[in-house]
Each structure stands twice: as structure tokens, then as C-alpha cells.
file coords.txt (compact mmCIF, C-alpha atoms)
# COMPACT_ATOMS: atom_id res chain seq x y z
CA ILE A 1 -2.54 25.03 6.18
CA GLY A 2 -0.42 23.66 9.00
CA SER A 3 3.13 24.40 10.01
CA SER A 4 5.60 22.11 11.77
CA ILE A 5 6.62 23.26 15.21
CA ASP A 6 9.61 22.55 17.38
CA GLY A 7 9.02 19.79 19.90
CA THR A 8 9.83 16.24 20.88
CA THR A 9 9.82 13.54 18.22
CA GLY A 10 7.67 11.02 20.04
CA GLU A 11 10.72 8.98 21.02
CA ASN A 12 11.42 8.08 17.38
CA PHE A 13 8.12 6.22 17.08
CA ARG A 14 8.31 3.76 14.22
CA CYS A 15 5.23 3.17 12.07
CA GLY A 16 5.68 0.27 9.69
CA ASP A 17 8.86 -1.74 9.17
CA PHE A 18 11.79 0.65 8.73
CA GLY A 19 13.80 -0.04 5.59
CA ARG A 20 10.76 -1.63 3.97
CA GLY A 21 8.54 1.40 3.50
CA GLY A 22 7.92 2.22 7.17
CA VAL A 23 8.77 5.67 8.52
CA ASN A 24 10.31 6.79 11.80
CA ASN A 25 9.40 10.10 13.38
CA ARG A 26 12.78 11.85 13.65
CA ALA A 27 11.71 15.48 13.21
CA PRO A 28 9.26 17.97 14.76
CA GLY A 29 5.66 17.50 13.68
CA ALA A 30 2.02 18.52 14.06
CA TRP A 31 -0.94 16.35 15.14
CA TYR A 32 -4.47 16.04 13.77
CA THR A 33 -7.41 13.74 14.50
CA VAL A 34 -10.22 12.34 12.38
CA VAL A 35 -13.05 9.92 13.15
CA GLY A 36 -13.59 6.93 10.85
CA ASN A 37 -16.87 6.17 9.11
CA GLY A 38 -16.14 2.65 7.84
CA ARG A 39 -14.83 3.82 4.45
CA ILE A 40 -11.30 4.17 3.06
CA PHE A 41 -9.64 7.43 4.16
CA GLU A 42 -6.76 9.25 2.48
CA ALA A 43 -4.49 11.82 4.13
CA SER A 44 -2.38 13.82 1.67
CA THR A 45 0.06 16.75 1.72
CA CYS A 46 -0.03 17.07 -2.08
CA PHE A 47 -0.52 20.84 -2.24
CA GLY A 48 1.52 23.85 -3.36
CA ALA A 49 1.81 25.07 0.25
CA THR A 50 3.92 22.02 1.13
CA ASP A 51 7.51 23.28 1.00
CA PHE A 52 9.50 20.47 2.65
CA GLY A 53 9.68 16.68 2.40
CA THR A 54 6.75 15.47 4.48
CA ALA A 55 6.00 12.11 6.06
CA ILE A 56 2.73 10.90 7.58
CA GLN A 57 1.88 8.45 10.33
CA VAL A 58 -1.70 7.35 10.98
CA LEU A 59 -2.24 5.81 14.41
CA ALA A 60 -5.09 4.50 16.54
CA GLY A 61 -5.60 4.23 20.27
CA PRO A 62 -4.94 6.56 23.21
CA CYS A 63 -2.01 8.97 23.07
CA ASP A 64 -0.08 6.87 25.59
CA GLY A 65 -0.69 3.65 23.68
CA LEU A 66 -0.75 4.44 19.96
CA SER A 67 -0.57 1.70 17.35
CA CYS A 68 0.45 2.07 13.71
CA VAL A 69 -2.35 1.97 11.11
CA ALA A 70 -0.73 3.44 7.98
CA ASN A 71 2.28 5.52 6.99
CA ALA A 72 3.92 7.22 4.04
CA GLY A 73 7.28 8.88 3.49
CA SER A 74 6.82 9.83 -0.17
CA ILE A 75 4.43 9.75 -3.09
CA SER A 76 5.11 8.83 -6.70
CA ASP A 77 2.15 9.21 -9.03
CA SER A 78 1.27 11.59 -11.81
CA GLU A 79 -1.83 12.82 -9.97
CA CYS A 80 0.31 14.56 -7.37
CA GLY A 81 3.58 15.47 -9.09
CA ASP A 82 5.02 16.92 -5.86
CA THR A 83 8.22 15.30 -4.56
CA GLN A 84 7.67 16.95 -1.17
CA ALA A 85 4.29 15.30 -0.60
CA SER A 86 3.16 12.11 1.11
CA ARG A 87 -0.13 10.23 0.96
CA ALA A 88 -1.45 7.53 3.30
CA ARG A 89 -4.60 5.45 2.84
CA TRP A 90 -6.29 3.18 5.33
CA GLN A 91 -9.52 1.32 5.99
CA THR A 92 -11.35 3.05 8.84
CA ALA A 93 -13.63 1.57 11.50
CA ASN A 94 -16.87 3.42 12.10
CA GLY A 95 -16.50 5.73 15.11
CA GLN A 96 -12.77 5.01 15.60
CA LEU A 97 -10.58 8.03 16.42
CA TYR A 98 -7.38 8.23 14.36
CA HIS A 99 -4.34 10.41 15.08
CA ILE A 100 -2.41 11.79 12.10
CA LEU A 101 1.15 13.02 12.60
CA VAL A 102 2.74 15.14 9.85
CA PHE A 103 6.51 15.61 10.09
CA SER A 104 9.66 15.77 7.99
CA ARG A 105 11.09 12.67 6.34
CA ASN A 106 14.55 14.17 6.96
CA ASN A 107 16.10 14.46 10.41
CA GLY A 108 15.27 17.76 12.10
CA ASP A 109 13.74 19.53 9.08
CA THR A 110 10.73 21.81 9.50
CA GLY A 111 8.48 23.69 7.11
CA SER A 112 4.94 24.50 6.04
CA PHE A 113 2.38 22.16 4.52
CA ALA A 114 -1.27 21.73 3.64
CA ILE A 115 -3.10 18.52 4.52
CA LEU A 116 -6.41 17.14 3.34
CA VAL A 117 -8.20 14.06 4.68
CA ARG A 118 -11.01 12.64 2.55
CA ASP A 119 -12.93 9.42 2.22
CA ILE A 120 -12.68 7.68 -1.13
CA GLU A 121 -14.60 5.01 -2.97
CA GLY A 122 -12.17 2.14 -3.32
CA PRO A 123 -12.30 -0.80 -5.74
CA SER A 124 -14.69 -3.57 -4.70
CA ASN A 125 -11.68 -5.88 -4.22
CA ALA A 126 -9.53 -3.43 -2.24
CA ARG A 127 -9.68 -5.77 0.78
CA CYS A 128 -8.62 -9.39 1.07
CA ARG A 129 -12.04 -10.53 2.29
CA ARG A 130 -13.60 -9.08 -0.86
CA ALA A 131 -11.11 -10.58 -3.31
CA GLN A 132 -12.30 -11.20 -6.86
CA SER A 133 -12.14 -14.76 -8.17
CA LEU A 134 -9.82 -15.21 -11.15
CA PRO A 135 -10.79 -17.61 -13.96
CA LEU A 136 -8.17 -20.28 -14.60
CA ASN A 137 -6.74 -20.17 -18.13
CA GLY A 138 -9.04 -17.30 -19.09
CA ALA A 139 -9.42 -16.56 -22.78
CA GLU A 140 -8.59 -12.87 -22.24
CA PRO A 141 -6.54 -11.05 -19.58
CA LEU A 142 -8.63 -9.54 -16.78
CA SER A 143 -8.32 -5.74 -16.52
CA GLY A 144 -8.08 -3.94 -13.19
CA SER A 145 -6.83 -0.82 -11.42
CA THR A 146 -5.13 -0.19 -8.09
CA GLU A 147 -6.30 3.44 -7.88
CA ASN A 148 -7.85 4.09 -4.45
CA GLY A 149 -6.77 0.63 -3.31
CA LEU A 150 -5.25 -0.14 0.09
CA GLU A 151 -1.73 -0.92 1.28
CA ARG A 152 -0.88 -3.93 3.42
CA SER A 153 1.20 -2.25 6.16
CA ASN A 154 4.47 -2.96 4.32
CA PHE A 155 3.98 -6.73 4.37
CA ARG A 156 7.08 -8.48 3.04
CA CYS A 157 6.69 -11.52 0.80
CA GLY A 158 9.91 -13.27 -0.16
CA ASP A 159 13.54 -12.53 0.60
CA PHE A 160 15.04 -9.24 -0.58
CA GLY A 161 17.85 -10.01 -3.00
CA LEU A 162 15.96 -13.11 -4.15
CA GLY A 163 13.07 -11.34 -5.81
CA GLY A 164 11.02 -10.71 -2.68
CA VAL A 165 8.83 -7.61 -2.53
CA ASN A 166 7.07 -5.69 0.21
CA ASN A 167 3.88 -3.71 -0.15
CA VAL A 168 4.50 0.06 -0.26
CA ALA A 169 1.61 1.08 -2.54
CA PRO A 170 -2.15 0.60 -2.92
CA GLY A 171 -3.36 -2.67 -4.36
CA VAL A 172 -6.26 -5.00 -5.12
CA TRP A 173 -7.01 -8.66 -4.38
CA TYR A 174 -7.84 -11.77 -6.39
CA THR A 175 -8.21 -15.46 -5.56
CA VAL A 176 -7.63 -18.71 -7.39
CA VAL A 177 -7.97 -22.34 -6.26
CA GLY A 178 -5.06 -24.72 -6.80
CA ASN A 179 -5.35 -28.02 -8.70
CA GLY A 180 -1.92 -29.52 -7.96
CA ASN A 181 -0.28 -28.03 -11.06
CA THR A 182 2.13 -25.12 -11.42
CA PHE A 183 0.30 -21.80 -11.74
CA GLU A 184 1.52 -18.53 -13.24
CA VAL A 185 0.09 -15.05 -12.78
CA ASP A 186 1.43 -12.06 -14.69
CA THR A 187 0.63 -8.46 -15.60
CA CYS A 188 2.26 -8.62 -19.04
CA ALA A 189 -0.74 -7.29 -20.96
CA ASP A 190 -0.43 -3.99 -22.83
CA ALA A 191 -3.04 -2.46 -20.50
CA THR A 192 -0.46 -2.41 -17.66
CA ASP A 193 0.67 1.22 -17.51
CA PHE A 194 2.63 1.39 -14.23
CA GLY A 195 5.29 -0.66 -12.45
CA THR A 196 3.42 -3.58 -10.88
CA ALA A 197 4.37 -6.03 -8.16
CA VAL A 198 2.60 -9.27 -7.24
CA GLN A 199 2.34 -11.24 -4.01
CA VAL A 200 0.83 -14.74 -3.88
CA LEU A 201 -0.30 -15.81 -0.41
CA SER A 202 -2.15 -18.66 1.28
CA GLY A 203 -4.19 -18.97 4.44
CA PRO A 204 -6.97 -16.86 5.96
CA CYS A 205 -6.96 -13.10 5.38
CA ASN A 206 -5.98 -12.46 9.02
CA ASN A 207 -3.00 -14.81 8.87
CA LEU A 208 -1.62 -14.87 5.33
CA ALA A 209 1.59 -16.70 4.47
CA CYS A 210 3.88 -15.83 1.58
CA VAL A 211 3.96 -18.30 -1.31
CA GLY A 212 5.71 -16.25 -3.99
CA SER A 213 6.28 -12.71 -5.17
CA ALA A 214 7.78 -10.61 -7.96
CA GLY A 215 8.55 -6.98 -8.63
CA SER A 216 9.48 -7.43 -12.28
CA SER A 217 9.43 -9.83 -15.21
CA SER A 218 12.64 -10.39 -17.12
CA ASP A 219 11.91 -12.93 -19.84
CA ALA A 220 11.44 -12.38 -23.55
CA SER A 221 7.83 -13.59 -23.57
CA CYS A 222 6.75 -10.59 -21.48
CA ASN A 223 7.64 -7.45 -23.41
CA ASN A 224 6.43 -4.94 -20.84
CA ALA A 225 8.80 -3.17 -18.43
CA PHE A 226 5.87 -2.50 -16.06
CA ALA A 227 4.96 -6.17 -15.70
CA SER A 228 5.58 -8.77 -13.01
CA ARG A 229 5.20 -12.55 -13.13
CA VAL A 230 5.00 -15.19 -10.38
CA GLN A 231 5.01 -19.00 -10.73
CA TRP A 232 4.25 -21.38 -7.89
CA ASN A 233 3.37 -25.01 -7.27
CA THR A 234 -0.22 -25.32 -6.10
CA VAL A 235 -1.93 -27.74 -3.73
CA GLU A 236 -5.21 -29.17 -4.96
CA GLY A 237 -8.15 -27.39 -3.34
CA GLN A 238 -5.96 -24.71 -1.69
CA LEU A 239 -7.23 -21.13 -1.97
CA TYR A 240 -4.54 -18.61 -2.96
CA ASN A 241 -4.81 -14.85 -2.53
CA ILE A 242 -3.10 -12.70 -5.17
CA PHE A 243 -2.29 -9.09 -4.30
CA ILE A 244 -1.37 -6.71 -7.16
CA PHE A 245 0.10 -3.30 -6.30
CA GLY A 246 2.67 -0.68 -7.34
CA ARG A 247 6.34 -1.52 -6.98
CA ASN A 248 7.15 2.12 -6.14
CA SER A 249 5.99 3.88 -2.99
CA GLY A 250 2.48 5.30 -3.41
CA SER A 251 2.20 4.42 -7.11
CA PHE A 252 -0.98 3.12 -8.74
CA GLY A 253 -2.41 2.55 -12.20
CA ASN A 254 -4.08 0.13 -14.58
CA PHE A 255 -3.16 -3.45 -15.41
call {"tool": "encode", "arguments": {"input": "coords.txt", "output": "C-alpha cells"}}
result
Amino acid sequence: IGSSIDGTTGENFRCGDFGRGGVNNRAPGAWYTVVGNGRIFEASTCFGATDFGTAIQVLAGPCDGLSCVANAGSISDSECGDTQASRARWQTANGQLYHILVFSRNNGDTGSFAILVRDIEGPSNARCRRAQSLPLNGAEPLSGSTENGLERSNFRCGDFGLGGVNNVAPGVWYTVVGNGNTFEVDTCADATDFGTAVQVLSGPCNNLACVGSAGSSSDASCNNAFASRVQWNTVEGQLYNIFIFGRNSGSFGNF
């Protein structure tokens, strides 16, 4: 069990894009380190000892040159059920030292918490480079789950106010190849049991560009409040990456 202590706030270090899921350090905090092993790691304050609203930053590099890896300012899934908790997940590099800062999501607050870091077995398509190919016009919807997936560092796809969504929850990857026609991807099936969001992107995994996105579906043909639907015009032979994730911070489920 750790306890926040009075101290400097790291000059308000921002991890992630503020206002789009990123968190600023604006309160006293406590530091921890962990060494990666090449698997997905999860840092969580989802324990009864946590008595104030926590936030987490995961950073790599030397203390005088830290870079943001992952962050969380809340958690919203039934597995935790603690509004004070936060959970961050990230893909580790074998032998890489990571710094974890636990602090309050509210200015100046302090309190006690418990933190656990564990490695988890993620879905086989939790990373862009391991995306699963989607059949075109499949006879049956393809089932999947975002549990133990990875976030995309709050990547924004589309313009807020015009249906754009940013990634603030774990997700999984799929691919499809364009044929020059208009494509549609949706999570309207009854198996979808949590609020989904969808991003459609093109280009290599290390330089993806937004094609389309949705955080809801509002037409009569999709009678599922958890669903999202994206339509886009494809280019023949173009590979498209489809990222499915939770529309609420930290959420995950089946679709």
C-alpha cells in the first residue's frame, strides 16, 4: 500500500493529450519502477485501500528526460467498480525500465492507495501489426473482445463535434482490403455488450491516418445502444486498419 506525499508536481507534466483522455500531474504523487518483459503490463489502483481519485502516468527514459507511454485518470468497468481507481495498460519492451507515477486526478488532493502491476495475456490482435483479417460480406458477424487489449495513446480520429472519437480504452485490430466501393463496419450485433467506438485508418502501423470514426450508431437498422457504425469510400487494393475499443475511459467488453 502506498501513500501520496507532499512534493513538487513534476512541473505539471502532461502524459497524453489533455482534454482527450490525457492526464496532467497537478497533485503530489509517489513513484514506482518496473522492468518490461515484452508482454502487456497493467498498473491498477482498483483496491479497497484506495481512498481518493487516483491518476496514473507510465513513462520511459531517464528521470530528466521522461516520455509518456500510457496514462489513466479513471476506470469504468464492472470488474473494478471503484470510482476512485485508475488502470493503465501498455505494451512493454523486454528489459526496458518504466516509471509509474500515482497521483490525484484533482488539484492538490492526497490520500492512500494500493497499486498492483501485472502482466496479462492480451488478445492475439491487440496490436496493429497483428491485426486479424476481416472477411468481406461475411455470412455471420465476427465475435471479439477488447478485454486485456491496448490503448492507442489517445489517438484522435475525426473532428470532435462531427462524430470524431479518440481512443481512451483498450481495443483490438482488424484489417480489410478496399475494392473501390463504399464499405461499412458496425458492431450492431446482439453480442455487443458495452459501448463501442470504431476507428478506420490507412497507412503503415507506425504512421496511421484517420479515414473515419464513430462513437455511436443512430439509425433504425441498428437497434443496439452499445453499437457504432462507420462508412467510408475505399480505394481498390488499399489496406485499411479497423480499431474497435470502448467509448468510455477504461471500458471493455464483447462485441
call {"tool": "closest_residue", "arguments": {"input": "coords.txt", "among": "A:Val35, A:Ala72, A:Val172, A:Val117", "to": "Gln96 in chain A", "atoms": "all atoms listed in the file"}}
result
A:Val35
call {"tool": "residues_around", "arguments": {"input": "coords.txt", "residues": "Glu147 in chain A", "least_positions_apart": "3", "cutoff": "12 Å", "atoms": "only C-alpha atoms", "output": "PyMOL selection string"}}
result
chain A and resi 42+77-79+89+120-126+144+150-151+169-172+194+244-246+250-255
call {"tool": "atom_distance", "arguments": {"input": "coords.txt", "atom1": "CA of Leu59 in chain A", "atom2": "CA of Tyr98 in chain A"}}
result
5.7 Å
call {"tool": "closest_residue", "arguments": {"input": "coords.txt", "among": "A:Ile242, A:Ala55, A:Leu116, A:Ile40", "to": "Asn94 in chain A", "atoms": "all atoms listed in the file"}}
result
A:Ile40
call {"tool": "atom_distance", "arguments": {"input": "coords.txt", "atom1": "CA of Ala85 in chain A", "atom2": "CA of Arg156 in chain A"}}
result
24.2 Å
call {"tool": "closest_residue", "arguments": {"input": "coords.txt", "among": "A:Asn241, A:Asn224, A:Thr234, A:Thr54", "to": "Arg105 in chain A", "atoms": "all atoms listed in the file"}}
result
A:Thr54
call {"tool": "closest_residue", "arguments": {"input": "coords.txt", "among": "A:Asn206, A:Ser67, A:Thr146, A:Trp232", "to": "Arg247 in chain A", "atoms": "all atoms listed in the file"}}
result
A:Thr146
call {"tool": "atom_distance", "arguments": {"input": "coords.txt", "atom1": "CA of Gly95 in chain A", "atom2": "CA of Asn207 in chain A"}}
result
25.4 Å
call {"tool": "closest_residue", "arguments": {"input": "coords.txt", "among": "A:Val198, A:Phe226, A:Tyr240, A:His99", "to": "Gly65 in chain A", "atoms": "all atoms listed in the file"}}
result
A:His99
call {"tool": "closest_residue", "arguments": {"input": "coords.txt", "among": "A:Leu136, A:Ala43, A:Ala227, A:Cys15", "to": "Asn179 in chain A", "atoms": "only C-alpha atoms"}}
result
A:Leu136
call {"tool": "residues_around", "arguments": {"input": "coords.txt", "residues": "Asn181 in chain A", "least_positions_apart": "2", "cutoff": "8 Å", "atoms": "all atoms listed in the file", "output": "short mmCIF file (atom, residue, chain, number, x, y, z; two decimals) with C-alpha atoms, in the coordinates of the input"}}
result
data_model
loop_
_atom_site.label_atom_id
_atom_site.label_comp_id
_atom_site.auth_asym_id
_atom_site.auth_seq_id
_atom_site.Cartn_x
_atom_site.Cartn_y
_atom_site.Cartn_z
CA GLY A 178 -5.06 -24.72 -6.80
CA ASN A 179 -5.35 -28.02 -8.70
CA PHE A 183 0.30 -21.80 -11.74
CA ASN A 233 3.37 -25.01 -7.27
CA THR A 234 -0.22 -25.32 -6.10
CA VAL A 235 -1.93 -27.74 -3.73
CA GLU A 236 -5.21 -29.17 -4.96
#
call {"tool": "residues_near_point", "arguments": {"input": "coords.txt", "point": "(-0.9, -8.3, -19.6)", "cutoff": "9 Å", "atoms": "all atoms listed in the file", "output": "MDAnalysis selection string"}}
result
chainID A and resid 141:143 186:192 222 224 227 255
call {"tool": "axis_aligned_box", "arguments": {"input": "coords.txt", "around": "range 47-52 of chain A", "padding_each_side": "4 Å", "output": "JSON"}}
result
{"center_x": 4.5, "center_y": 22.8, "center_z": -0.4, "size_x": 18.0, "size_y": 12.6, "size_z": 14.0}
call {"tool": "residues_around", "arguments": {"input": "coords.txt", "residues": "Cys46 in chain A", "least_positions_apart": "4", "cutoff": "8 Å", "atoms": "all atoms listed in the file", "output": "list of chain:residue names"}}
result
A:Thr50, A:Cys80, A:Asp82, A:Gln84, A:Ala85, A:Ser86, A:Arg87, A:Ala114, A:Ile115
call {"tool": "write_last_selection", "arguments": {"input": "coords.txt", "atoms": "C-alpha atoms", "output": "short mmCIF file (atom, residue, chain, number, x, y, z; two decimals), in the frame of the given file"}}
result
data_model
loop_
_atom_site.label_atom_id
_atom_site.label_comp_id
_atom_site.auth_asym_id
_atom_site.auth_seq_id
_atom_site.Cartn_x
_atom_site.Cartn_y
_atom_site.Cartn_z
CA THR A 50 3.92 22.02 1.13
CA CYS A 80 0.31 14.56 -7.37
CA ASP A 82 5.02 16.92 -5.86
CA GLN A 84 7.67 16.95 -1.17
CA ALA A 85 4.29 15.30 -0.60
CA SER A 86 3.16 12.11 1.11
CA ARG A 87 -0.13 10.23 0.96
CA ALA A 114 -1.27 21.73 3.64
CA ILE A 115 -3.10 18.52 4.52
#
